[in-house]
Structure formats: C-alpha cells, structure tokens
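In what follows, a single structure is set out as structure tokens and then discussed.
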Amino acid sequence: EGSNDLMWFPMTNAYNKQANEVPVQMKHACSWITINVAGDDVTANNWTLNSLVVKQLVHTGSVACNATSATWTIASDADKDDEDYYNPATGTTFTTSFVKYEKAANNFIVIPQEPVDLAITYTYTSDATNNLTFTETKTVSLDYDANGTAWQPGVHYIYNITITATEILIDPYVAEWVDATVTPGTTI
C-alpha cells in the first residue's frame, strides 16, 4: 500500500549493443484499488464516514514475469492483515457526489489476489433533539464480478459505494492501467 508499485518489461531475447537505445515499455505487475463513497439524499450531509478497512489483505507473494504477463503465486498460508484504506482522526461528512477517501497519496497498490472484504464504519444521528448518535460497521465484498475472480496485474479497480439509509450499494468499474514507455534518461 502507498507509493509502491512493481513494474517489469518484456524482453525475451538478448539485445545487442548498438547506437540505438533499448526500447522499454514498462508494465504494471500489481493491481490498483480506488474506493469512492457517496451518500444518498438521506445520508449525505448528515452521516459521517469514520473508516474504510480492507480486510485480510495478502502482502507477500512471488511473481513470474514473461513476455506477455505477470503471474502471481500466493502461498496458501500467507499472512493476511487488515489495511487501513481511510482512517482519519475525525470522520468526514458524506456528500451526494462520489469522493475518493484514501490514506495514501492517490494510490492503493496491492498484490493481485482474490478480492477481499471492506469494512465501512460510519456514524449517524437518529434523533438530533436528544442527540442519539450511533456508529455502525458494515462489511461488504469487493468481488467485482460475483465469481471471485482475482484482481489482475495492470488493472485499476474503482469501487463506487453509495451508503443509503437502507443498504450499501457497490458499483465496481474495471479499467486498464496505462503502461509507461521509457526513453533514455527517464527516471521512473
């Protein structure tokens, strides 16, 4: 999580020394997760988002990169930890527009693995007169296709979550992550 990313480039043949630079097109070996949250007309501006926690995320694995793909292997007994995606000192009020809530600076990079769950903790006031405030944590699956298909290398998974007074709605979006072409003298 954070600014970490693993990139590779396919090179299956030795490249002979010559005057021209070596052509390199970097590819992403990890997956990128973005979580956007909004409220509906009831919850927006009245409810507070306290935290988003990605549950039981695998942090270690081995990868084999070849000419066309990066293939990850995760041990069956791999250590799994909860990862704070968003956990500020004080909560943030929902709006009706999707907002990206993220602890890291614009990237939550993970090892491709079977999608895990997300614990969403929020607070709401049911009776403003008597100041009755409740905090709830709801756990939802980040499975994006209802088949448990693993997150793939080089893919950006965007989850738009709407918290309503009756349910939590998730609308996942899958986008290819753009590869980077490197020219001589470029720093990645």
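Residue names in the structure tokens use chain letters A, B, ... in the order shown, residue numbers from 1 in each chain, and ligand numbers from 1 in the order shown.
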
Tell me which protein, DNA and RNA residues are within 12 Å of Ile109 in chain A, counting only C-alpha atoms, leaving out same-chain ones fewer than 4 positions away, and put them as JSON, numbers by chain.
{"A": [1, 2, 3, 4, 5, 6, 7, 28, 29, 30, 31, 32, 33, 34, 57, 58, 59, 83, 85, 102, 104, 105, 113, 151, 152, 153, 154, 155, 156, 157, 177]}

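Nearest-residue note for Asn87 in chain A: choosing from A:Pro112, A:Ala119, A:Trp47, A:Gly61, the minimum distance belongs to A:Ala119, counting only C-alpha atoms.
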
Using only C-alpha atoms, find the one residue out of A:Thr96, A:Gln56, A:Thr73, A:Thr129 that sits nearest to Gly39 in chain A.
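Residue with the minimum atom-to-atom distance to Gly39 in chain A: A:Thr96.
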
Between A:Thr123, A:Thr92, A:Ser62, A:Thr137, which is the closest to Ala78 in chain A once you count only C-alpha atoms?
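Counting only C-alpha atoms, the residue closest to Ala78 in chain A is A:Ser62.
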
Within 7 Å of Val99 in chain A, counting only C-alpha atoms, which residues qualify if same-chain residues fewer than 4 places away don't, as number ranges by chain?
A: 36-38

With only C-alpha atoms as the basis for distance, which of A:Asp41, A:Asn16, A:Val53, A:Glu176 is at the shortest distance from Thr121 in chain A?
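With only C-alpha atoms as the atom set, the closest residue is A:Val53.
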
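Distance annotation: of A:Thr125, A:Ser69, A:Asn107, A:Asn45, the residue with the minimal separation from Ile158 in chain A is A:Asn107; atom set is only C-alpha atoms.
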